[in-house]
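Asker: Here you go, one structure.
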There are 4 protein chains.
Amino acid sequence: MTAAVPFAHEVRVYWEDTDAGGVVFYANYLKYFERARTEWLRAAGFGQQQLRDEFGVQFMVLETALRHHAPARLDDTLRIGVAPLGAPRGARIAIAQDAWRGATRVCDGRIELACVDARSHEGTLRARRIPKPILEALFEAPPS
Amino acid sequence: MTAAVPFAHEVRVYWEDTDAGGVVFYANYLKYFERARTEWLRAAGFGQQQLRDEFGVQFMVLETALRHHAPARLDDTLRIGVAPLGAPRGARIAIAQDAWRGATRVCDGRIELACVDARSHEGTLRARRIPKPILEALFEAPPS
Amino acid sequence: MTAAVPFAHEVRVYWEDTDAGGVVFYANYLKYFERARTEWLRAAGFGQQQLRDEFGVQFMVLETALRHHAPARLDDTLRIGVAPLGAPRGARIAIAQDAWRGATRVCDGRIELACVDARSHEGTLRARRIPKPILEALFEAPPS
Amino acid sequence: MTAAVPFAHEVRVYWEDTDAGGVVFYANYLKYFERARTEWLRAAGFGQQQLRDEFGVQFMVLETALRHHAPARLDDTLRIGVAPLGAPRGARIAIAQDAWRGATRVCDGRIELACVDARSHEGTLRARRIPKPILEALFEAPPS
């Protein structure tokens, strides 16, 4: 058994993020969620470019499911959460994410990713096991 | 009983749509899907600005769920489908969408929307029944 | 002497393009301008991916200068113009572009590009002469 | 005579920022530059929403001119500079901006803005003098 290490990252809402409704354009939560996942990996010691150069892998998004509960506006600070849903199964990992403005949860969702060969985009998709150093850094070792 | 009118809209993949993996950035499918829904409404006679000005409503995205099956690349032409999932219930409507590159389905998903007051973003969310002319244009009248 | 072949491409304003001011976010005109340049090249027989695969080149943006004259809104159709400013000098080409909503010019600008090796991003920038077939297709042959 | 207060803001390059060339998509520097201007205003005590609500104004971009000198990549940290070019003339203000990756200047440019009525987008453009508290906060008072 392993327990995932939770994480949070703050983002600011800028003009670029809003739409004519005066609120954050819903698709942009996928960007916020990804920034938080990237910082979660970085906090564990792994950069996106390093994943590609050193391990030859990247995480590809397979599925996203988002629910929007409240609007966010210009200048809002949003706290983006990252919490893996259980341990990875082979190449796949599921992550629960949410966005909070103070005590209001404005959005939450679930992102499913696959670890793939970093050159997968040039041809067919090649799944790769998540490299062990990454697994060990992201998931707490169980007491034995 | 009513049957939804299906619809398709073509989009082209440009540099702006791609990411460093060489493929369409996954969040951009939400943009493609929305363009197709907008054109579906326009084909039925309703523009987005007109919805706000004439009917005082707009469609707000409540939930999105996407699955990515294959990558798309620069210059690809994608055919985006729009197919309502049953008749609307009050203010809510669910829509099945997908993206095809030739005979390959690269992405599919489900978008759930609510018809809300066009000034909802200024305060609390106010659901509104979908205006009857829109309903009649989007959903075929049953034979009686 | 050669004369450039002018070109125009239509784009539609969608929710994704707008900001909380209710108008098209100014940075998005760079996207519209690039879509039009891509279609201008395509009309001449050259796709972006083909440039990379067949000729081993891509056009990299060196400079952009935009002036915004009027706002554009949801549902607007914009006509984007492409007009090369003189013949290319070696690897460089300058293009005048503008965006029209009916008889109103909402934006105009000047984009300067360089033809570079398609793998330039991996290291230092390597300028390449614009391949002759592309030059001949984009610039009318002079009467001789 | 007044002297502008310079400012710098750090941004991180994420997947959303890149394109199929493996580098930051050039239009995104306009987003980085705006984030930095927003933080410059915030550091002086003024939020974007506050400008609209309290002063009834917003800054509209009139002109942008960017030059790209070097590519930026995934994970890069960019330091974005903000330096007003002289004092505002009535409603207009010109700002020099640049993006640095370590000691490499990857992009620089000039942004010209106008202070306009926050409801200008609904009709014609109405220029407004920059409110005095904002001027005083952004431009050092001269020794007298």
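Identifiers for the structure tokens are assigned positionally: chains receive A, B, ... in sequence, residues are indexed from 1 per chain, and ligands are indexed from 1 in the order shown.
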Among chain B, which residues carry a DSSP assignment of helix (DSSP H, G or I), reported as a count of residues only?
Answerer: 37
Asker: How close does chain C get to chain B? List, as a tab-separated table, each residue of chain C within 9 Å, its nearest atom pair and the distance in Å to one decimal, counting only C-alpha atoms.
Answerer:
residue	atom	partner	partner_atom	distance
C:Tyr14	CA	B:Arg35	CA	6.5
C:Trp15	CA	B:Glu34	CA	8.0
C:Glu16	CA	B:Lys31	CA	6.5
C:Lys31	CA	B:Glu16	CA	6.5
C:Glu34	CA	B:Trp15	CA	8.0
C:Arg35	CA	B:Tyr14	CA	6.5
C:Thr38	CA	B:Tyr14	CA	7.7
C:Gly47	CA	B:Asp75	CA	6.5
C:Gln48	CA	B:Asp75	CA	6.4
C:Gln49	CA	B:Leu74	CA	6.0
C:Gln50	CA	B:Asp75	CA	8.9
C:Arg73	CA	B:Gln49	CA	8.2
C:Leu74	CA	B:Gln49	CA	5.9
C:Asp75	CA	B:Gln48	CA	6.4
Asker: Which one of B:Leu125, B:Leu138, B:Ile80, B:Leu62 sits closest to Leu113 (chain B) if you count only C-alpha atoms?
Answerer: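 The shortest atom-to-atom distance to Leu113 (chain B) comes from B:Leu62.
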Asker: Using only C-alpha atoms for the distances, tell me which of D:Ala72, D:Glu63, D:Pro131, D:Arg92 is nearest to Phe25 (chain D).
Answerer: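 Counting only C-alpha atoms, the residue closest to Phe25 (chain D) is D:Ala72.
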Asker: Leaving out Ile130 (chain D) and any residue of its chain fewer than 2 positions from it, which residues lie within 12 Å of it when counting only C-alpha atoms, given as a ChimeraX atom specification?
Answerer: /D:51,55-60,87-93,113-117,127-128,132-139
Asker: To one decimal place in Å, what is the distance between CA of Ala43 (chain C) and CA of Thr104 (chain C)?
Answerer: 25.5 Å
Asker: Do you know which residues are at most 8 Å from Gly109 (chain A) counting only C-alpha atoms, after dropping those on the same chain fewer than 4 positions away, and could you put them as a list of chain:residue names?
Answerer: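 So, after excluding close chain neighbours, the residues are A:Thr64, A:Ala65, A:Leu66, A:Arg67, A:Ala96, A:Gln97, A:Asp98.
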Asker: Can you spit out the residues from that selection as a compact mmCIF listing (two decimals), in the first residue's frame, using C-alpha atoms?
Answerer:
# COMPACT_ATOMS: atom_id res chain seq x y z
CA THR A 64 -10.66 14.68 -18.29
CA ALA A 65 -13.90 15.22 -16.38
CA LEU A 66 -14.65 18.64 -14.92
CA ARG A 67 -17.59 20.05 -12.96
CA ALA A 96 -8.37 14.28 -8.45
CA GLN A 97 -8.11 18.04 -8.84
CA ASP A 98 -10.05 21.05 -7.69
Asker: Compare A:Ala83, A:Leu41, A:Ala118, A:Leu78 by their minimum atom-to-atom distance to Tyr29 (chain A), counting only C-alpha atoms, and give me the closest one.
Answerer: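 For Tyr29 (chain A), the nearest of the given residues is A:Leu78.
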Asker: Report the distance between CA of Val106 (chain D) and CA of Leu85 (chain C) in Å, rounded to one decimal place.
Answerer: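 Pair CA of Val106 (chain D) / CA of Leu85 (chain C) returns 25.6 Å.
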Asker: Could you work out how far CA of Val23 (chain D) lies from CA of Arg79 (chain A), giving the answer in Å with one decimal?
Answerer: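 Between CA of Arg79 (chain A) and CA of Val23 (chain D) the gap is 27.3 Å.
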Asker: Among region 22-138 of chain C, which residues does DSSP mark as strand (DSSP E) when it is run on the backbone? Keep the chain and numbering as in the structure and answer as a PyMOL selection string.
Answerer: chain C and resi 57-68+77-84+92-101+104-117
